[in-house]
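Student: There's a structure below that I have some questions on.
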Amino acid sequence: MTYKKSLILMLALCLLLSLCGCSGSSEDSAPQAAEDGGDALVEYAAEGVGVFYLPEGFSQNVQELTEPLPSTLVEFEKDGWYITAHRFGADAYEAAGAALPASLEEYSTRSGVQDGVPEGSTFDYDSQGNYFTQFSQDGSTTYYVLLQGEEAFGSIILTAPEDVFDSATAALWASGSKLD
């Protein structure tokens with residue numbers, strides 16, 4: 001009987017240890033700050049656009065747009081970084097007489113996206129899982145990330161002077177972005 005009790009106790013301990021190893025919350029979607037001493041990221045909620053994770057101290061301005069299509073825009077700014085995020089919902093596609101894209105890849109071929117990037121720009125997935133393209137113009141570098149939400153598509157565009165810009169930082173900040 002001692003052998004059976006020991007076996008049961010060991011199995012219970014193994015089950016407890018395996019449950020402890022799985023205790024990480026899948027609901028915590030905020031990206032972690034860079035391990036090299038980067039600032040902690042905080043949540044910025046922009047009604048009608050989505051949720052974004054950036055270091056503390058960014059100014060935030062949300063605008064409802066009607067032209068050229070109904071959309072919501074949020075602008076963030078701090079320390080040379082200028083970030084804009086757009087959200088186009090089903091109403092914008094209906095107003096344009098266009099179908100909602102089936103994927104980020106299809107969205108990247110739409111004229112609204114293509115008009116915002118230099119000719120020949122290609123989108124691909126970065127190490128953080130963002131569907132992005134990067135380009136430099138007029139002394140600034142832009143990290144242009146496409147986003148997909150429920151019945152919505154949009155983008156987060158991170159721009160900074162070339163001497164401030166860091167693509168790993170831009171990828172991290174964009175990785176927690178979620179459209180409403």
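Identifiers in this document derive from the order of the structure tokens: chains are assigned A, B, ..., residues are numbered from 1 separately in each chain, and ligands are numbered from 1 in order of occurrence.
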Neighbours of region 52-56 of chain A within 12 Å (only C-alpha atoms; same-chain residues fewer than 4 positions away dropped), as a count of residues only?
Tutor: 47
Student: Give me the residues within 8 Å of Leu146 (chain A) as a list in words, counting only C-alpha atoms and dropping any in the same chain fewer than 5 places off.
Tutor: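 So, after excluding close chain neighbours, the residues are Leu104, Ser108, Asn130, Tyr131, Phe132, Phe153, Gly154, Ser155 and Ile156 of chain A.
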Student: Go ahead and save the picked residues with C-alpha atoms, as a CSV table (one decimal), in the first residue's frame.
Tutor:
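For reference, out_13.csv as written:
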chain,number,residue,atom,x,y,z
A,104,LEU,CA,-3.8,40.9,-45.1
A,108,SER,CA,-1.8,45.0,-49.2
A,130,ASN,CA,3.6,41.9,-38.2
A,131,TYR,CA,2.8,42.0,-41.9
A,132,PHE,CA,4.9,45.1,-42.8
A,153,PHE,CA,-8.6,46.4,-41.9
A,154,GLY,CA,-6.1,49.1,-41.1
A,155,SER,CA,-2.6,50.0,-40.5
A,156,ILE,CA,-0.2,51.3,-37.9
Student: I'd like to know which residues of region 6-173 of chain A are alpha helix (DSSP H) (by DSSP, run on the backbone); could you write them as an NGL selection string?
Tutor: :A and (6-21 or 90-96 or 104-107 or 111-114 or 167-173)
Student: Please produce a file of the residues just selected, as an mmCIF file, in the first residue's frame, where the atoms kept are N, CA and C atoms.
Tutor:
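Output (again-v5.cif):
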data_model
loop_
_atom_site.group_PDB
_atom_site.id
_atom_site.type_symbol
_atom_site.label_atom_id
_atom_site.label_comp_id
_atom_site.auth_asym_id
_atom_site.auth_seq_id
_atom_site.Cartn_x
_atom_site.Cartn_y
_atom_site.Cartn_z
ATOM 1 N N SER A 6 2.784 6.264 -2.686
ATOM 2 C CA SER A 6 3.924 7.023 -3.212
ATOM 3 C C SER A 6 3.732 7.319 -4.698
ATOM 4 N N LEU A 7 3.237 6.329 -5.438
ATOM 5 C CA LEU A 7 3.008 6.520 -6.869
ATOM 6 C C LEU A 7 1.925 7.577 -7.109
ATOM 7 N N ILE A 8 0.858 7.505 -6.336
ATOM 8 C CA ILE A 8 -0.219 8.490 -6.459
ATOM 9 C C ILE A 8 0.290 9.882 -6.104
ATOM 10 N N LEU A 9 1.090 9.973 -5.047
ATOM 11 C CA LEU A 9 1.652 11.259 -4.634
ATOM 12 C C LEU A 9 2.574 11.814 -5.728
ATOM 13 N N MET A 10 3.406 10.965 -6.333
ATOM 14 C CA MET A 10 4.307 11.409 -7.401
ATOM 15 C C MET A 10 3.512 11.867 -8.625
ATOM 16 N N LEU A 11 2.472 11.133 -8.990
ATOM 17 C CA LEU A 11 1.645 11.530 -10.136
ATOM 18 C C LEU A 11 0.940 12.861 -9.863
ATOM 19 N N ALA A 12 0.461 13.036 -8.655
ATOM 20 C CA ALA A 12 -0.193 14.296 -8.294
ATOM 21 C C ALA A 12 0.804 15.455 -8.352
ATOM 22 N N LEU A 13 2.029 15.220 -7.885
ATOM 23 C CA LEU A 13 3.064 16.249 -7.929
ATOM 24 C C LEU A 13 3.427 16.602 -9.375
ATOM 25 N N CYS A 14 3.539 15.575 -10.238
ATOM 26 C CA CYS A 14 3.830 15.828 -11.662
ATOM 27 C C CYS A 14 2.711 16.645 -12.299
ATOM 28 N N LEU A 15 1.463 16.315 -11.971
ATOM 29 C CA LEU A 15 0.321 17.065 -12.514
ATOM 30 C C LEU A 15 0.364 18.506 -12.028
ATOM 31 N N LEU A 16 0.660 18.714 -10.761
ATOM 32 C CA LEU A 16 0.750 20.068 -10.207
ATOM 33 C C LEU A 16 1.855 20.864 -10.889
ATOM 34 N N LEU A 17 3.027 20.247 -11.074
ATOM 35 C CA LEU A 17 4.134 20.937 -11.730
ATOM 36 C C LEU A 17 3.803 21.269 -13.185
ATOM 37 N N SER A 18 3.129 20.371 -13.881
ATOM 38 C CA SER A 18 2.781 20.658 -15.276
ATOM 39 C C SER A 18 1.747 21.767 -15.360
ATOM 40 N N LEU A 19 0.834 21.832 -14.416
ATOM 41 C CA LEU A 19 -0.142 22.927 -14.394
ATOM 42 C C LEU A 19 0.532 24.255 -14.086
ATOM 43 N N CYS A 20 1.518 24.250 -13.201
ATOM 44 C CA CYS A 20 2.255 25.483 -12.902
ATOM 45 C C CYS A 20 2.994 25.982 -14.138
ATOM 46 N N GLY A 21 3.531 25.075 -14.917
ATOM 47 C CA GLY A 21 4.240 25.459 -16.129
ATOM 48 C C GLY A 21 3.323 26.055 -17.177
ATOM 49 N N ALA A 90 -16.363 47.762 -42.239
ATOM 50 C CA ALA A 90 -17.219 47.320 -43.337
ATOM 51 C C ALA A 90 -17.952 48.493 -43.987
ATOM 52 N N ASP A 91 -18.281 49.548 -43.213
ATOM 53 C CA ASP A 91 -18.974 50.713 -43.774
ATOM 54 C C ASP A 91 -18.117 51.433 -44.812
ATOM 55 N N ALA A 92 -16.814 51.471 -44.614
ATOM 56 C CA ALA A 92 -15.914 52.120 -45.580
ATOM 57 C C ALA A 92 -15.878 51.323 -46.885
ATOM 58 N N TYR A 93 -15.826 50.010 -46.769
ATOM 59 C CA TYR A 93 -15.803 49.179 -47.973
ATOM 60 C C TYR A 93 -17.134 49.253 -48.711
ATOM 61 N N GLU A 94 -18.216 49.309 -47.953
ATOM 62 C CA GLU A 94 -19.534 49.454 -48.571
ATOM 63 C C GLU A 94 -19.632 50.789 -49.308
ATOM 64 N N ALA A 95 -19.151 51.868 -48.692
ATOM 65 C CA ALA A 95 -19.185 53.192 -49.329
ATOM 66 C C ALA A 95 -18.331 53.221 -50.597
ATOM 67 N N ALA A 96 -17.259 52.442 -50.619
ATOM 68 C CA ALA A 96 -16.383 52.390 -51.784
ATOM 69 C C ALA A 96 -16.890 51.421 -52.846
ATOM 70 N N LEU A 104 -4.740 39.803 -45.125
ATOM 71 C CA LEU A 104 -3.786 40.910 -45.130
ATOM 72 C C LEU A 104 -3.050 40.980 -46.466
ATOM 73 N N GLU A 105 -2.746 39.824 -47.024
ATOM 74 C CA GLU A 105 -2.049 39.791 -48.306
ATOM 75 C C GLU A 105 -2.885 40.486 -49.378
ATOM 76 N N GLU A 106 -4.190 40.204 -49.423
ATOM 77 C CA GLU A 106 -5.061 40.877 -50.394
ATOM 78 C C GLU A 106 -5.170 42.368 -50.067
ATOM 79 N N TYR A 107 -5.299 42.702 -48.798
ATOM 80 C CA TYR A 107 -5.394 44.105 -48.391
ATOM 81 C C TYR A 107 -4.168 44.888 -48.861
ATOM 82 N N SER A 111 -5.531 49.769 -53.514
ATOM 83 C CA SER A 111 -4.978 51.070 -53.909
ATOM 84 C C SER A 111 -4.684 51.967 -52.705
ATOM 85 N N GLY A 112 -5.526 51.938 -51.679
ATOM 86 C CA GLY A 112 -5.288 52.777 -50.504
ATOM 87 C C GLY A 112 -3.970 52.460 -49.828
ATOM 88 N N VAL A 113 -3.625 51.193 -49.762
ATOM 89 C CA VAL A 113 -2.350 50.780 -49.169
ATOM 90 C C VAL A 113 -1.212 51.117 -50.127
ATOM 91 N N GLN A 114 -1.358 50.753 -51.386
ATOM 92 C CA GLN A 114 -0.293 50.970 -52.367
ATOM 93 C C GLN A 114 0.028 52.445 -52.551
ATOM 94 N N SER A 167 14.266 49.489 -36.206
ATOM 95 C CA SER A 167 13.232 48.584 -36.722
ATOM 96 C C SER A 167 12.789 47.551 -35.684
ATOM 97 N N ALA A 168 13.677 47.123 -34.794
ATOM 98 C CA ALA A 168 13.279 46.168 -33.755
ATOM 99 C C ALA A 168 12.279 46.812 -32.792
ATOM 100 N N THR A 169 12.495 48.074 -32.464
ATOM 101 C CA THR A 169 11.564 48.813 -31.607
ATOM 102 C C THR A 169 10.218 48.968 -32.308
ATOM 103 N N ALA A 170 10.242 49.362 -33.570
ATOM 104 C CA ALA A 170 8.995 49.531 -34.322
ATOM 105 C C ALA A 170 8.228 48.223 -34.401
ATOM 106 N N ALA A 171 8.906 47.124 -34.655
ATOM 107 C CA ALA A 171 8.255 45.817 -34.740
ATOM 108 C C ALA A 171 7.617 45.437 -33.413
ATOM 109 N N LEU A 172 8.334 45.679 -32.317
ATOM 110 C CA LEU A 172 7.805 45.368 -30.988
ATOM 111 C C LEU A 172 6.567 46.200 -30.685
ATOM 112 N N TRP A 173 6.642 47.506 -30.912
ATOM 113 C CA TRP A 173 5.511 48.367 -30.627
ATOM 114 C C TRP A 173 4.299 47.997 -31.475
#
Student: Would you kindly return, as a ChimeraX atom specification, each protein, DNA or RNA residue with an atom no farther than 12 Å from any atom of Gln137 (chain A), considering only C-alpha atoms and excluding same-chain residues fewer than 3 positions away?
Tutor: /A:117-118,134,140-143,159-162
Student: Using only C-alpha atoms for the distances, tell me which of A:Glu119, A:Glu67, A:Asp124, A:Asp166 is nearest to Phe88 (chain A).
Tutor: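 Closest candidate: A:Glu67.
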Student: Calculated over only C-alpha atoms, which of the candidates A:Tyr144, A:Thr109, A:Ala98, A:Gly139 has the smallest distance to Tyr125 (chain A)?
Tutor: A:Tyr144
